[in-house]
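Everything below concerns the one structure shown next.
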Amino acid sequence: MKRALTLSLGVMLVMSACAPNFSKEQEIVQKTDDSKEKAIIPNYSISSDTYNTTLPYKEGVARGLVASNLNNRMDTDEFETGLMRLAKDNYPSSKYLFQEGQYIDKDTAKAWVARKLTDQQYAQAKKKNKDVQNIGLNPINTNNKGGKTSPIYLSHLVEQDYLVKKNGKEVELGGIMLGLAMNPVNSYVEADGTPQEEITSRAKLQDEGQKIANQVVERMRKMKGLENVPINIALFEEKPNSSKVPGSFIAAGTSNEGSVQVDGWSKIDEEYALFPSTQASDEHSVHATKFNNFKKQIEKYFPNFTSAVGQGFYKDGSLQKLDITIEVQFKGKGELVGFTQFVAGEMTKYFPKNIETNVNIQSVESPESIIVRKKNQDKPFVHIYK
């Protein structure tokens with residue numbers, strides 16, 4: 001494992017926004033409809049913006065399905081962490097605790113993301129498995145001879161539970177965030193063996209997602225313990241396999257306490273952009289130009305610099321966060337230290353402090369250094385491995 005060397009020349013070593021909170025460990029009682037369990041809340045909090053959880057840690061009952069169901073590996077992280085980011089609008093981290101989903105289990109999730117079966121298909125399925133249920137939320141596929149098939153709109157769902165304190169030391173379920181991953185790519189094979197792809201428009205995908213969401217809410221209300229808690233649902237538009245950036249959330253809705261449907265929807269304007277790319281140059285020309293100038297400046301002074309790639313996160317049309325990965329081939333530690341200091345200076349020069357900016361510098365063998373500047377922070381934090 002690499003040891004760490006932290007630069008001190010003109011660099012902030014401690015970021016107040018990320019200063020750990022060492023409050024006293026709390027003993028609580030977690031209450032459900034069936035029982036009460038003793039638990040504790042850890043005394044360490046990474047930041048005021050991070051959810052605490054309870055210990056012993058409860059793994060989700062559908063744990064592991066996200067990675068196997070989503071096509072784009074970058075969608076996997078964004079689907080879960082992005083849902084947690086959206087949760088803060090309804091369940092602030094100062095008042096709520098996070099817990100992985102405890103209600104929609106693995107078998108239920110698999111059954112819901114399957115296709116609905118015709119009576120004939122269901123009868124055949126029952127012969128193979130007498131316990132099979134015909135509860136799929138995706139359209140029936142009546143084409144079994146090759147050619148265009150009905151789309152698989154819903155590829156996965158993830159449940160997150162948010163606990164709230166009641167009566168001093170008791171916590172109970174305060175609400176649920178449910179993410180529905182919507183697949184825009186309908187892949188099929190023609191009768192002659194030719195593979196085909198058809199893209200579903202965002203408007204159509206959102207319409208289908210909202211219909212599915214109402215069915216999901218109706219089913220969840222029949223689960224013990226979920227009869228009267230708020231259920232917030234967010235629709236996530238996946239990216240194709242070949243995409244170099246993750247997908248994004250496109251809409252969110254709320255089923256108020258006791259309601260058996262989603263009571264209202266709102267648009268979510270989020271997206272990721274790759275730098276450099278044609279899309280970034282066309283849609284975010286100012287930031288694309290700054291990134292290209294930043295890259296050229298590095299190339300000018302360091303011939304062993306190999307590449308730089310950026311990923312920008314936009315919300316409501318405004319750049320919120322920029323993650324940059326830089327590949328290097330250095331033979332000496334001195335060159336790496338000098339390079340890292342130079343990049344830190346250029347980063348503050350080209351990218352304004354109202355954007356959270358992170359730079360990961362790595363070689364083929366391992367990570368070499370990181371530069372982190374939180375939003376509205378004057379000086380970056382720099383960390384060099386040795």
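For the structure tokens, the naming scheme is as follows: chains receive sequential letters (A, B, ...) according to their order of presentation, residues are indexed from 1 within each chain, and ligands are indexed from 1 in presentation order.
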
Sort by chain and increasing residue number a table of all residues of stretch 53-149 of chain A within 9 Å of stretch 214-222 of chain A, each with its closest pair of atoms and their distance in Å to one decimal, counting only C-alpha atoms, and write it as CSV.
residue,atom,partner,partner_atom,distance
A:Tyr103,CA,A:Met220,CA,8.4
A:Ile104,CA,A:Met220,CA,8.2
A:Trp112,CA,A:Val216,CA,8.6
A:Leu137,CA,A:Gln215,CA,8.1

Would you export the selected residues with C-alpha atoms as a short mmCIF file (atom, residue, chain, number, x, y, z; two decimals), in the first residue's frame, please?
data_model
loop_
_atom_site.label_atom_id
_atom_site.label_comp_id
_atom_site.auth_asym_id
_atom_site.auth_seq_id
_atom_site.Cartn_x
_atom_site.Cartn_y
_atom_site.Cartn_z
CA TYR A 103 -38.89 -4.35 1.76
CA ILE A 104 -38.45 -5.21 -1.94
CA TRP A 112 -41.07 -6.98 -11.37
CA LEU A 137 -43.88 -4.69 -15.32
#

DSSP strand (DSSP E or B) residues within stretch 165-290 of chain A, listed as a PyMOL selection string: chain A and resi 165-166+170-182+185-189+195-199+231-237+248-255+264-267+270-275

Just the residues within 12 Å of stretch 335-343 of chain A, please, counting only C-alpha atoms, with nothing from its chain fewer than 2 positions along; format it as an MDAnalysis selection string. chainID A and resid 5:11 294:305 308 324:333 345:351 357:363 367:372 379:386

Which residue of A:Lys130, A:Lys204, A:Lys353, A:Lys374 approaches A:Pro184 most closely, using only C-alpha atoms: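 Going through A:Lys130, A:Lys204, A:Lys353, A:Lys374 one by one, the smallest distance to A:Pro184 is for A:Lys204.
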
As a ChimeraX atom specification, please: all residues of stretch 81-229 of chain A that backbone DSSP puts in helix (DSSP H, G or I). /A:81-87,106-112,119-128,202-220

Non-local contacts of A:Phe275 (9 Å; only C-alpha atoms; under 5 positions in same chain excluded) as a VMD selection string: chain A and resid 280 to 281 287 to 288 291 to 292 308 to 312 324

Requested write-out: C-alpha atoms of the selected residues, as an mmCIF file, in the first residue's frame:
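Ended up saving to selection-v7.cif:
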data_model
loop_
_atom_site.group_PDB
_atom_site.id
_atom_site.type_symbol
_atom_site.label_atom_id
_atom_site.label_comp_id
_atom_site.auth_asym_id
_atom_site.auth_seq_id
_atom_site.Cartn_x
_atom_site.Cartn_y
_atom_site.Cartn_z
ATOM 1 C CA ALA A 280 -19.219 19.126 -24.909
ATOM 2 C CA SER A 281 -17.961 21.529 -27.597
ATOM 3 C CA HIS A 287 -16.274 24.884 -20.373
ATOM 4 C CA ALA A 288 -14.964 22.849 -23.312
ATOM 5 C CA PHE A 291 -10.703 22.367 -20.467
ATOM 6 C CA ASN A 292 -8.836 22.305 -23.783
ATOM 7 C CA ALA A 308 -6.476 14.166 -19.588
ATOM 8 C CA VAL A 309 -10.187 13.341 -19.555
ATOM 9 C CA GLY A 310 -12.887 15.246 -17.689
ATOM 10 C CA GLN A 311 -16.418 14.430 -16.621
ATOM 11 C CA GLY A 312 -18.699 17.352 -15.818
ATOM 12 C CA ILE A 324 -10.510 15.065 -14.204
#

With stretch 153-168 of chain A as the partner and 10 Å as the cut-off, tabulate the residues of stretch 191-291 of chain A that qualify, each row holding the nearest pair of atoms and their distance in Å to one decimal, using only C-alpha atoms, sorted by chain and rising number, as JSON lines.
{"residue": "A:Thr200", "atom": "CA", "partner": "A:Tyr153", "partner_atom": "CA", "distance": 8.8}
{"residue": "A:Lys204", "atom": "CA", "partner": "A:Tyr153", "partner_atom": "CA", "distance": 9.8}
{"residue": "A:Leu205", "atom": "CA", "partner": "A:Tyr153", "partner_atom": "CA", "distance": 7.1}
{"residue": "A:Gln206", "atom": "CA", "partner": "A:Tyr153", "partner_atom": "CA", "distance": 9.7}
{"residue": "A:Glu208", "atom": "CA", "partner": "A:Tyr153", "partner_atom": "CA", "distance": 7.3}
{"residue": "A:Gly209", "atom": "CA", "partner": "A:Leu154", "partner_atom": "CA", "distance": 7.5}
{"residue": "A:Ile212", "atom": "CA", "partner": "A:Leu154", "partner_atom": "CA", "distance": 8.1}
{"residue": "A:Ile231", "atom": "CA", "partner": "A:Asp161", "partner_atom": "CA", "distance": 9.6}
{"residue": "A:Asn232", "atom": "CA", "partner": "A:Gln160", "partner_atom": "CA", "distance": 9.9}
{"residue": "A:Ile233", "atom": "CA", "partner": "A:Glu159", "partner_atom": "CA", "distance": 9.4}
{"residue": "A:Ala234", "atom": "CA", "partner": "A:Leu157", "partner_atom": "CA", "distance": 9.9}
{"residue": "A:Leu235", "atom": "CA", "partner": "A:Leu157", "partner_atom": "CA", "distance": 9.5}
{"residue": "A:Phe236", "atom": "CA", "partner": "A:Leu157", "partner_atom": "CA", "distance": 9.5}
{"residue": "A:Glu237", "atom": "CA", "partner": "A:Tyr153", "partner_atom": "CA", "distance": 9.9}
{"residue": "A:Glu238", "atom": "CA", "partner": "A:Ser155", "partner_atom": "CA", "distance": 9.1}

Name all residues at most 10 Å from A:Glu78 (count only C-alpha atoms; drop same-chain ones fewer than 3 positions away) and give them as a ChimeraX atom specification. /A:73-75,81-85,236,238,245-249

Could you jot down the atom CA of A:Gly253 to atom CA of A:Met182 separation for me, Å, one decimal place? 15.0 Å

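Of the residues under consideration (A:Ser259, A:Asn354, A:Thr108, A:Thr53), A:Asn354 shows the shortest atom-to-atom contact distance to A:Arg373 when counting only C-alpha atoms.
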
Enter the distance from atom CA of A:Lys58 to atom CA of A:Leu180, in Å, rounded to one decimal.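 Interatomic distance here is 21.9 Å.
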
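Reported to one decimal place, the separation of atom CA of A:Met223 from atom CA of A:Gln210 is 20.5 Å.
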
A:Ser266 environment, 10 Å, only C-alpha atoms, sequence neighbours closer than 2 positions dropped, as a list of chain:residue names: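 Residues near the query, excluding close chain neighbours: A:Ala234, A:Ile250, A:Ala251, A:Ala252, A:Gly253, A:Thr254, A:Gly264, A:Ile268, A:Asp269.
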